[in-house]
$ cat structure.txt   # compact mmCIF, C-alpha atoms
# COMPACT_ATOMS: atom_id res chain seq x y z
CA MET A 697 8.88 23.38 -9.71
CA ARG A 698 9.39 19.71 -8.92
CA LEU A 699 7.73 18.41 -5.75
CA ASN A 700 7.40 14.97 -4.23
CA VAL A 701 3.81 14.55 -3.02
CA ASN A 702 2.97 11.36 -1.14
CA GLY A 703 5.91 9.60 -2.74
CA GLU A 704 5.13 10.74 -6.31
CA ALA A 705 7.31 13.22 -8.17
CA ARG A 706 5.34 15.91 -9.99
CA ASP A 707 5.49 19.40 -11.45
CA SER A 708 3.54 21.94 -9.47
CA ALA A 709 2.66 25.61 -9.75
CA SER A 710 1.57 25.83 -6.10
CA ALA A 711 3.41 28.62 -4.32
CA THR A 712 2.36 27.65 -0.79
CA LEU A 713 1.14 24.60 1.11
CA ALA A 714 -2.37 26.06 1.10
CA ASP A 715 -2.26 26.28 -2.72
CA LEU A 716 -1.05 22.70 -2.92
CA TRP A 717 -3.79 21.51 -0.53
CA ARG A 718 -6.44 23.16 -2.74
CA ALA A 719 -4.91 21.72 -5.91
CA GLU A 720 -4.58 18.19 -4.56
CA THR A 721 -8.06 18.03 -3.07
CA ALA A 722 -9.92 19.98 -5.79
CA GLY A 723 -12.11 17.05 -6.86
CA LEU A 724 -12.73 15.67 -3.41
CA GLU A 725 -15.48 17.95 -2.08
CA LEU A 726 -13.97 18.05 1.38
CA PRO A 727 -16.05 19.92 3.92
CA THR A 728 -13.16 20.81 6.23
CA PRO A 729 -9.54 19.76 6.67
CA LYS A 730 -10.56 17.96 9.91
CA GLY A 731 -8.87 14.57 10.02
CA PHE A 732 -6.13 15.66 7.61
CA ALA A 733 -2.57 16.81 8.15
CA ILE A 734 0.47 17.82 6.10
CA ALA A 735 4.17 17.28 6.67
CA LEU A 736 6.81 19.21 4.73
CA ASN A 737 10.26 17.60 4.52
CA GLY A 738 9.51 15.37 7.50
CA ALA A 739 8.00 17.97 9.84
CA VAL A 740 4.31 18.63 10.43
CA VAL A 741 3.05 22.09 9.38
CA SER A 742 0.01 23.10 11.40
CA ARG A 743 -3.13 24.03 9.48
CA GLY A 744 -2.90 27.70 10.39
CA ALA A 745 0.54 27.97 8.82
CA TRP A 746 -0.26 26.40 5.43
CA ALA A 747 -0.93 29.74 3.69
CA ALA A 748 2.33 31.26 4.93
CA THR A 749 4.49 28.23 4.06
CA ALA A 750 6.23 28.71 0.71
CA LEU A 751 7.18 25.68 -1.36
CA ASN A 752 10.58 25.16 -2.92
CA ASP A 753 11.93 22.94 -5.65
CA GLY A 754 12.59 19.43 -4.35
CA ASP A 755 10.28 19.67 -1.33
CA ARG A 756 8.81 16.43 -0.01
CA ILE A 757 5.19 16.71 1.11
CA GLU A 758 3.04 14.13 2.89
CA ILE A 759 -0.72 14.72 2.93
CA ILE A 760 -2.47 12.25 5.21
CA ARG A 761 -5.92 11.41 6.41
CA ALA A 762 -7.18 9.58 9.50
CA MET A 763 -9.09 6.53 8.35
CA GLN A 764 -10.24 3.09 9.47
CA GLY A 765 -7.61 1.25 11.47
CA GLY A 766 -7.04 -1.33 14.17
CA MET B 526 -24.18 -5.69 37.99
CA ASN B 527 -22.84 -2.20 37.60
CA GLU B 528 -21.08 -1.82 34.25
CA HIS B 529 -19.53 1.48 35.26
CA ASP B 530 -16.01 0.49 36.25
CA PRO B 531 -13.60 3.01 34.76
CA PHE B 532 -9.84 2.69 34.52
CA THR B 533 -7.36 5.51 34.09
CA ILE B 534 -4.89 6.31 31.34
CA ALA B 535 -2.62 9.29 31.99
CA GLY B 536 -5.11 10.74 34.46
CA THR B 537 -8.13 10.31 32.18
CA ALA B 538 -10.91 7.99 33.36
CA ILE B 539 -12.03 5.63 30.59
CA GLY B 540 -15.56 4.32 31.04
CA SER B 541 -15.29 1.14 28.96
CA ARG B 542 -12.65 -1.54 29.21
CA LEU B 543 -13.15 -2.47 25.58
CA LEU B 544 -11.23 -0.57 22.90
CA LEU B 545 -12.40 -1.26 19.36
CA GLY B 546 -10.61 -1.04 16.03
CA THR B 547 -12.48 0.37 13.05
CA ALA B 548 -10.92 -1.52 10.12
CA GLY B 549 -12.34 -4.22 7.91
CA TYR B 550 -16.08 -3.94 8.57
CA PRO B 551 -18.46 -4.92 5.76
CA ASN B 552 -19.67 -1.32 5.47
CA GLN B 553 -19.89 2.00 7.29
CA ARG B 554 -23.34 1.33 8.77
CA ILE B 555 -22.20 -1.95 10.35
CA LEU B 556 -19.09 -0.22 11.70
CA ARG B 557 -21.21 2.49 13.30
CA ASP B 558 -23.69 -0.04 14.75
CA ALA B 559 -20.91 -2.30 16.06
CA VAL B 560 -19.19 0.61 17.80
CA GLU B 561 -22.54 1.56 19.29
CA ALA B 562 -23.26 -2.02 20.46
CA SER B 563 -19.79 -2.38 21.99
CA ALA B 564 -20.35 0.72 24.17
CA CYS B 565 -16.64 1.42 23.77
CA GLU B 566 -15.30 4.87 24.47
CA ILE B 567 -12.03 4.59 22.52
CA VAL B 568 -11.79 3.63 18.84
CA THR B 569 -8.55 3.19 16.95
CA VAL B 570 -7.88 4.72 13.54
CA SER B 571 -4.94 4.74 11.15
CA VAL B 572 -3.15 7.52 9.31
CA ARG B 573 -2.56 7.10 5.59
CA ARG B 574 -1.58 9.17 2.57
CA ILE B 575 -4.71 10.52 0.91
CA SER B 576 -5.80 8.87 -2.27
CA LEU B 577 -6.15 11.37 -5.09
CA LYS B 578 -8.54 9.03 -6.86
CA GLY B 579 -11.23 9.47 -4.24
CA HIS B 580 -11.55 10.69 -0.71
CA GLY B 581 -12.75 7.43 0.83
CA SER B 582 -15.13 7.24 3.72
CA ASP B 583 -15.34 9.73 6.53
CA THR B 584 -14.65 7.48 9.53
CA ILE B 585 -13.99 10.49 11.75
CA GLY B 586 -17.36 12.06 11.03
CA LEU B 587 -19.15 8.71 11.31
CA LEU B 588 -17.80 8.04 14.80
CA ALA B 589 -17.85 11.61 16.11
CA GLY B 590 -18.16 11.67 19.89
CA ARG B 591 -15.78 8.74 20.53
CA ARG B 592 -12.20 9.25 21.66
CA PHE B 593 -9.97 8.56 18.67
CA LEU B 594 -6.75 6.65 19.29
CA PRO B 595 -4.64 6.90 16.13
CA ASN B 596 -2.11 4.15 15.47
CA THR B 597 1.23 3.96 13.72
CA ALA B 598 0.37 0.62 12.11
CA GLY B 599 2.72 -0.41 9.34
CA CYS B 600 5.66 1.69 10.55
CA GLU B 601 8.95 -0.20 10.69
CA THR B 602 11.23 2.45 12.17
CA ALA B 603 11.07 4.80 15.14
CA ARG B 604 11.53 7.69 12.71
CA ASP B 605 8.46 6.81 10.62
CA ALA B 606 6.41 6.13 13.75
CA VAL B 607 7.29 9.51 15.25
CA LEU B 608 6.32 11.37 12.05
CA THR B 609 3.09 9.36 11.79
CA ALA B 610 2.27 10.21 15.41
CA GLU B 611 2.95 13.91 14.77
CA LEU B 612 0.67 13.84 11.70
CA ALA B 613 -2.03 12.07 13.72
CA ARG B 614 -1.76 14.67 16.49
CA GLU B 615 -2.31 17.44 13.97
CA ALA B 616 -5.13 15.66 12.10
CA LEU B 617 -7.10 14.52 15.15
CA GLU B 618 -6.07 17.03 17.79
CA THR B 619 -5.07 14.28 20.19
CA HIS B 620 -1.70 13.58 21.74
CA TRP B 621 -2.62 9.97 22.42
CA ILE B 622 -0.96 7.42 20.16
CA LYS B 623 -1.16 3.65 19.80
CA LEU B 624 2.46 2.97 18.96
CA GLU B 625 3.15 0.09 16.61
CA VAL B 626 6.59 -0.49 15.18
CA ILE B 627 6.64 -3.70 13.20
CA GLY B 628 9.78 -5.78 12.80
CA ASP B 629 8.49 -8.51 10.54
CA ARG B 630 5.80 -8.25 7.89
CA GLU B 631 4.76 -11.88 8.05
CA THR B 632 4.11 -12.09 11.79
CA LEU B 633 3.66 -8.34 12.43
CA TYR B 634 5.78 -8.88 15.52
CA PRO B 635 6.92 -5.65 17.20
CA ASP B 636 10.53 -4.53 16.73
CA ILE B 637 11.42 -3.95 20.37
CA GLY B 638 14.55 -1.86 19.74
CA GLU B 639 12.69 0.58 17.51
CA LEU B 640 9.64 0.47 19.80
CA LEU B 641 11.66 1.52 22.85
CA GLU B 642 13.36 4.31 20.89
CA ALA B 643 10.05 5.58 19.47
CA THR B 644 8.50 5.49 22.95
CA ARG B 645 11.38 7.52 24.35
CA GLN B 646 11.09 10.14 21.60
CA LEU B 647 7.29 10.41 21.70
CA VAL B 648 7.15 10.72 25.49
CA GLY B 649 9.73 13.51 25.11
CA ARG B 650 7.46 15.22 22.60
CA GLY B 651 4.53 15.17 25.01
CA PHE B 652 2.59 12.20 23.69
CA VAL B 653 0.53 9.76 25.76
CA VAL B 654 2.09 6.58 24.38
CA LEU B 655 0.32 3.20 24.31
CA PRO B 656 2.79 0.77 22.77
CA TYR B 657 1.82 -2.54 21.19
CA CYS B 658 4.45 -4.98 22.45
CA THR B 659 5.37 -8.58 23.04
CA ASP B 660 4.02 -10.41 26.10
CA ASP B 661 7.38 -10.08 27.82
CA PRO B 662 7.44 -8.74 31.40
CA VAL B 663 10.83 -7.08 30.92
CA VAL B 664 9.80 -5.31 27.71
CA CYS B 665 6.64 -4.08 29.43
CA ARG B 666 8.66 -2.77 32.37
CA ARG B 667 11.15 -1.00 30.09
CA LEU B 668 8.31 0.70 28.22
CA ALA B 669 6.71 1.85 31.46
CA ASP B 670 10.09 3.09 32.71
CA LEU B 671 10.37 5.21 29.54
CA GLY B 672 7.03 6.81 30.34
CA ALA B 673 4.49 4.76 28.37
CA ALA B 674 1.02 5.54 29.73
CA ALA B 675 -0.07 1.93 29.32
CA VAL B 676 1.42 -1.23 27.85
CA MET B 677 -0.37 -3.30 25.23
CA PRO B 678 1.08 -6.81 25.13
CA MET B 679 -0.14 -9.10 22.40
CA GLY B 680 -2.58 -11.91 23.20
CA SER B 681 -1.29 -13.60 20.05
CA LEU B 682 -0.50 -12.53 16.47
CA ILE B 683 -2.46 -9.60 15.02
CA GLY B 684 -5.59 -10.80 13.29
CA SER B 685 -4.92 -14.45 14.16
CA GLY B 686 -7.84 -15.08 16.50
CA MET B 687 -5.63 -17.45 18.52
CA GLY B 688 -6.63 -15.81 21.81
CA VAL B 689 -4.25 -15.48 24.74
CA ALA B 690 -1.30 -17.65 23.71
CA ASN B 691 0.68 -17.31 26.93
CA PRO B 692 -1.67 -16.76 29.88
CA ALA B 693 1.14 -17.31 32.41
CA ASN B 694 3.16 -14.41 30.97
CA LEU B 695 0.15 -12.17 30.73
CA GLU B 696 -0.82 -12.84 34.34
CA LEU B 697 2.73 -12.03 35.40
CA ILE B 698 2.73 -8.78 33.41
CA CYS B 699 -0.65 -7.73 34.83
CA ARG B 700 0.43 -8.49 38.39
CA ARG B 701 3.64 -6.48 38.17
CA SER B 702 2.81 -3.58 35.86
CA GLU B 703 2.60 -0.09 37.28
CA VAL B 704 0.70 1.16 34.25
CA PRO B 705 -2.55 -0.24 32.83
CA VAL B 706 -2.16 -3.41 30.76
CA ILE B 707 -4.34 -3.49 27.65
CA VAL B 708 -4.29 -6.84 25.86
CA ASP B 709 -4.03 -6.05 22.17
CA ALA B 710 -4.27 -8.43 19.23
CA GLY B 711 -5.19 -12.08 18.82
CA ILE B 712 -8.64 -12.03 20.42
CA GLY B 713 -10.87 -14.36 18.40
CA THR B 714 -14.12 -14.57 20.31
CA ALA B 715 -15.76 -13.47 23.55
CA SER B 716 -14.14 -16.15 25.75
CA ASP B 717 -10.67 -14.89 24.73
CA ALA B 718 -11.57 -11.42 26.01
CA VAL B 719 -12.92 -12.96 29.23
CA ILE B 720 -9.64 -14.81 29.76
CA ALA B 721 -7.56 -11.67 29.20
CA MET B 722 -9.63 -9.79 31.77
CA GLU B 723 -9.61 -12.69 34.27
CA LEU B 724 -5.81 -12.61 34.13
CA GLY B 725 -5.93 -9.05 35.40
CA ALA B 726 -5.81 -6.91 32.26
CA ALA B 727 -7.17 -3.40 32.64
CA ALA B 728 -8.77 -3.54 29.18
CA VAL B 729 -8.82 -5.33 25.84
CA LEU B 730 -8.25 -3.87 22.37
CA LEU B 731 -9.61 -5.86 19.46
CA ASN B 732 -10.73 -5.34 15.89
CA THR B 733 -10.82 -8.36 13.58
CA ALA B 734 -12.83 -10.56 15.97
CA VAL B 735 -15.72 -8.11 15.60
CA ALA B 736 -15.16 -6.77 12.08
CA LYS B 737 -14.89 -10.22 10.47
CA ALA B 738 -17.52 -12.04 12.56
CA ASN B 739 -20.55 -13.25 10.62
CA ASP B 740 -22.57 -10.71 12.58
CA PRO B 741 -20.21 -7.93 13.71
CA VAL B 742 -22.87 -6.06 15.69
CA SER B 743 -23.76 -9.17 17.74
CA MET B 744 -20.08 -9.92 18.35
CA ALA B 745 -19.52 -6.34 19.48
CA LEU B 746 -22.28 -6.81 22.06
CA ALA B 747 -20.75 -10.14 23.12
CA MET B 748 -17.37 -8.45 23.60
CA ARG B 749 -18.96 -5.72 25.69
CA HIS B 750 -20.34 -8.35 28.05
CA ALA B 751 -17.13 -10.41 27.92
CA VAL B 752 -14.88 -7.66 29.28
CA VAL B 753 -17.38 -6.92 32.03
CA ALA B 754 -17.69 -10.62 32.95
CA GLY B 755 -13.94 -11.19 32.92
CA ARG B 756 -13.26 -8.09 34.97
CA GLN B 757 -15.90 -9.04 37.52
CA ALA B 758 -14.49 -12.58 37.82
CA TYR B 759 -11.00 -11.14 38.33
CA LEU B 760 -12.27 -8.87 41.11
CA ALA B 761 -14.30 -11.70 42.65
CA GLY B 762 -11.27 -14.02 42.79
CA ARG B 763 -11.46 -17.46 41.28
CA ILE B 764 -11.23 -20.69 43.28
CA PRO B 765 -7.94 -22.58 43.13
CA ARG B 766 -7.64 -25.39 40.61
CA ARG B 767 -7.42 -28.87 42.16
CA GLY B 768 -6.84 -32.28 40.70
CA ARG B 769 -9.62 -34.00 42.63
CA ALA B 770 -13.34 -33.68 43.01
CA GLU B 771 -14.60 -31.73 45.98
CA PRO B 772 -18.28 -32.43 46.70
CA SER B 773 -20.34 -29.29 46.79
CA SER B 774 -23.37 -30.89 48.55
CA PRO B 775 -23.27 -31.83 52.29
CA GLN B 776 -21.84 -35.30 53.00
CA LEU B 777 -23.95 -35.97 56.09
CA GLY B 778 -27.53 -37.27 56.03
CA LEU B 779 -27.31 -39.14 52.76
CA VAL B 780 -30.51 -41.08 51.93
CA GLY B 781 -30.31 -44.91 51.90
CA SER B 782 -27.74 -47.24 53.34
$ encode --input "structure.txt" --output "structure tokens"
Amino acid sequence: MRLNVNGEARDSASATLADLWRAETAGLELPTPKGFAIALNGAVVSRGAWAATALNDGDRIEIIRAMQGG
Amino acid sequence: MNEHDPFTIAGTAIGSRLLLGTAGYPNQRILRDAVEASACEIVTVSVRRISLKGHGSDTIGLLAGRRFLPNTAGCETARDAVLTAELAREALETHWIKLEVIGDRETLYPDIGELLEATRQLVGRGFVVLPYCTDDPVVCRRLADLGAAAVMPMGSLIGSGMGVANPANLELICRRSEVPVIVDAGIGTASDAVIAMELGAAAVLLNTAVAKANDPVSMALAMRHAVVAGRQAYLAGRIPRRGRAEPSSPQLGLVGS
């Protein structure tokens, strides 16, 4: 399945947003998803719905983090 | 003097009239110490795509206990700003947003058409919107009419340190605004923050002046005192300017001939 994650096209085996979150952040040792959010095709998907949100070919996903800013 | 002099945004009392940005500090420890020294209650943060090469620093954890005000910095359209605000609401569990919609990358001037449209949409989606805008009384009034919780006219260009470029406009905006006026951008040093507050601003938002000072923690403390001093002078009421000297000592009983 082809996905666009944060502007990059890639092949993915993730069936749901929760799978994709785990795959994308595997090396990051994140304690909690606090400060993070995901949008699917331009709409935010709340944390509680990640596991139940299936991914489809061509989906555009934005994974963001709150960080330093002015 | 009593430092406790809150102002209100959307029904919430804010204890400090200094809002501090969190970008560009030499390191995380200095950021934390500067925020502490500033005694600010609100800190701004940005929302960015995660880097898969490393998870960066945990600004949210570092500054836990402050009220986070996420921004839409870098957005150039109402559409991108609205999505960024929605992502920030989910990530930080706040419906407050510092709305920036930039029309020109060189000057970082706001795009007023997109800004008004984004304000309208975000207010409709239940956000408390604090738009960064030009120091134009009509723009500020339009934003307030659309439901902005505060207006944040620029002192001068973002990061420029040029201070309050048009004090006459800012005074006019402060005098007429029905929502709090927070002077955002351009503050270079403590006297700039004093001037903004003396003109009647409810608060000042700054970042670079502290982050890039030789000693950010000292400058944060200076800014804390500056907003208090400027506010107090505004409340006290300054004397009128005059073109001639006015002796302050009595003119009767002078010694000598």
$ closest_atom_pairs --input "structure.txt" --of "chain A" --to "chain B" --cutoff "6 Å" --atoms "only C-alpha atoms" --output "CSV"
residue,atom,partner,partner_atom,distance
A:Leu724,CA,B:His580,CA,5.8
A:Gly731,CA,B:Ala616,CA,4.4
A:Phe732,CA,B:Ala616,CA,4.6
A:Ala733,CA,B:Ala616,CA,4.8
A:Ile759,CA,B:Arg574,CA,5.6
A:Ile760,CA,B:Arg574,CA,4.2
A:Arg761,CA,B:Arg573,CA,5.5
A:Ala762,CA,B:Val572,CA,4.5
A:Met763,CA,B:Ser571,CA,5.3
A:Gln764,CA,B:Ala548,CA,4.7
A:Gly765,CA,B:Val570,CA,4.0
A:Gly766,CA,B:Gly546,CA,4.0
$ write_last_selection --input "structure.txt" --atoms "C-alpha atoms" --output "mmCIF file, keeping the file's coordinate frame"
data_model
loop_
_atom_site.group_PDB
_atom_site.id
_atom_site.type_symbol
_atom_site.label_atom_id
_atom_site.label_comp_id
_atom_site.auth_asym_id
_atom_site.auth_seq_id
_atom_site.Cartn_x
_atom_site.Cartn_y
_atom_site.Cartn_z
ATOM 1 C CA LEU A 724 -12.730 15.670 -3.410
ATOM 2 C CA GLY A 731 -8.870 14.570 10.020
ATOM 3 C CA PHE A 732 -6.130 15.660 7.610
ATOM 4 C CA ALA A 733 -2.570 16.810 8.150
ATOM 5 C CA ILE A 759 -0.720 14.720 2.930
ATOM 6 C CA ILE A 760 -2.470 12.250 5.210
ATOM 7 C CA ARG A 761 -5.920 11.410 6.410
ATOM 8 C CA ALA A 762 -7.180 9.580 9.500
ATOM 9 C CA MET A 763 -9.090 6.530 8.350
ATOM 10 C CA GLN A 764 -10.240 3.090 9.470
ATOM 11 C CA GLY A 765 -7.610 1.250 11.470
ATOM 12 C CA GLY A 766 -7.040 -1.330 14.170
#
$ residues_around --input "structure.txt" --residues "Ile757 (chain A)" --least-positions-apart "2" --cutoff "9 Å" --atoms "all atoms listed in the file" --output "PyMOL selection string"
chain A and resi 699-703+713+734-738+755+759
$ atom_distance --input "structure.txt" --atom1 "CA of Gly725 (chain B)" --atom2 "CA of Arg701 (chain B)"
10.3 Å
$ closest_residue --input "structure.txt" --among "B:Gly672, B:Gly590, B:Pro662, B:Pro775" --to "Leu647 (chain B)" --atoms "all atoms listed in the file"
B:Gly672
$ residues_around --input "structure.txt" --residues "Asp740 (chain B)" --least-positions-apart "4" --cutoff "12 Å" --atoms "only C-alpha atoms" --output "number ranges by chain"
B: 550-551, 555-556, 558-559, 562, 734-736, 744-747
$ atom_distance --input "structure.txt" --atom1 "CA of Arg763 (chain B)" --atom2 "CA of Gly711 (chain B)"
23.9 Å
$ atom_distance --input "structure.txt" --atom1 "CA of Leu633 (chain B)" --atom2 "CA of Ala674 (chain B)"
22.3 Å
$ residues_near_point --input "structure.txt" --point "(4.2, 30.1, -3.1)" --cutoff "6 Å" --atoms "only C-alpha atoms" --output "list of chain:residue names"
A:Ser710, A:Ala711, A:Thr712, A:Ala750, A:Leu751
$ residues_near_point --input "structure.txt" --point "(5.6, -15.2, 32.3)" --cutoff "10 Å" --atoms "all atoms listed in the file" --output "PyMOL selection string"
chain B and resi 660-663+691-698
$ closest_residue --input "structure.txt" --among "A:Ala739, A:Glu704, A:Gly744, A:Thr749" --to "Leu716 (chain A)" --atoms "only C-alpha atoms"
A:Thr749
$ build_atoms --input "structure.txt" --residues "region 746-765 of chain A" --atoms "N, CA and C atoms" --output "short mmCIF file (atom, residue, chain, number, x, y, z; two decimals), in the frame of the given file"
data_model
loop_
_atom_site.label_atom_id
_atom_site.label_comp_id
_atom_site.auth_asym_id
_atom_site.auth_seq_id
_atom_site.Cartn_x
_atom_site.Cartn_y
_atom_site.Cartn_z
N TRP A 746 -0.35 26.88 6.82
CA TRP A 746 -0.26 26.40 5.43
C TRP A 746 -0.12 27.57 4.45
N ALA A 747 -0.91 28.62 4.66
CA ALA A 747 -0.93 29.74 3.69
C ALA A 747 0.40 30.49 3.69
N ALA A 748 1.08 30.48 4.82
CA ALA A 748 2.33 31.26 4.93
C ALA A 748 3.57 30.40 4.65
N THR A 749 3.34 29.11 4.29
CA THR A 749 4.49 28.23 4.06
C THR A 749 4.77 28.11 2.57
N ALA A 750 5.86 28.74 2.13
CA ALA A 750 6.23 28.71 0.71
C ALA A 750 6.84 27.37 0.35
N LEU A 751 6.61 26.94 -0.88
CA LEU A 751 7.18 25.68 -1.36
C LEU A 751 8.41 25.96 -2.21
N ASN A 752 9.34 25.02 -2.15
CA ASN A 752 10.58 25.16 -2.92
C ASN A 752 10.84 23.90 -3.73
N ASP A 753 11.59 24.06 -4.79
CA ASP A 753 11.93 22.94 -5.65
C ASP A 753 12.54 21.80 -4.81
N GLY A 754 12.04 20.59 -5.04
CA GLY A 754 12.59 19.43 -4.35
C GLY A 754 11.93 19.12 -3.01
N ASP A 755 10.95 19.93 -2.60
CA ASP A 755 10.28 19.67 -1.33
C ASP A 755 9.55 18.33 -1.35
N ARG A 756 9.56 17.68 -0.19
CA ARG A 756 8.81 16.43 -0.01
C ARG A 756 7.60 16.72 0.88
N ILE A 757 6.42 16.40 0.38
CA ILE A 757 5.19 16.71 1.11
C ILE A 757 4.40 15.42 1.35
N GLU A 758 3.94 15.24 2.56
CA GLU A 758 3.04 14.13 2.89
C GLU A 758 1.69 14.74 3.26
N ILE A 759 0.64 14.31 2.57
CA ILE A 759 -0.72 14.72 2.93
C ILE A 759 -1.44 13.46 3.40
N ILE A 760 -1.88 13.47 4.66
CA ILE A 760 -2.47 12.25 5.21
C ILE A 760 -3.90 12.48 5.69
N ARG A 761 -4.57 11.37 5.87
CA ARG A 761 -5.92 11.41 6.41
C ARG A 761 -6.07 10.31 7.46
N ALA A 762 -6.82 10.62 8.53
CA ALA A 762 -7.18 9.58 9.50
C ALA A 762 -8.27 8.73 8.87
N MET A 763 -8.09 7.42 8.92
CA MET A 763 -9.09 6.53 8.35
C MET A 763 -9.22 5.28 9.20
N GLN A 764 -9.99 4.30 8.70
CA GLN A 764 -10.24 3.09 9.47
C GLN A 764 -8.92 2.42 9.83
N GLY A 765 -8.85 1.91 11.04
CA GLY A 765 -7.61 1.25 11.47
C GLY A 765 -7.83 0.45 12.74
#
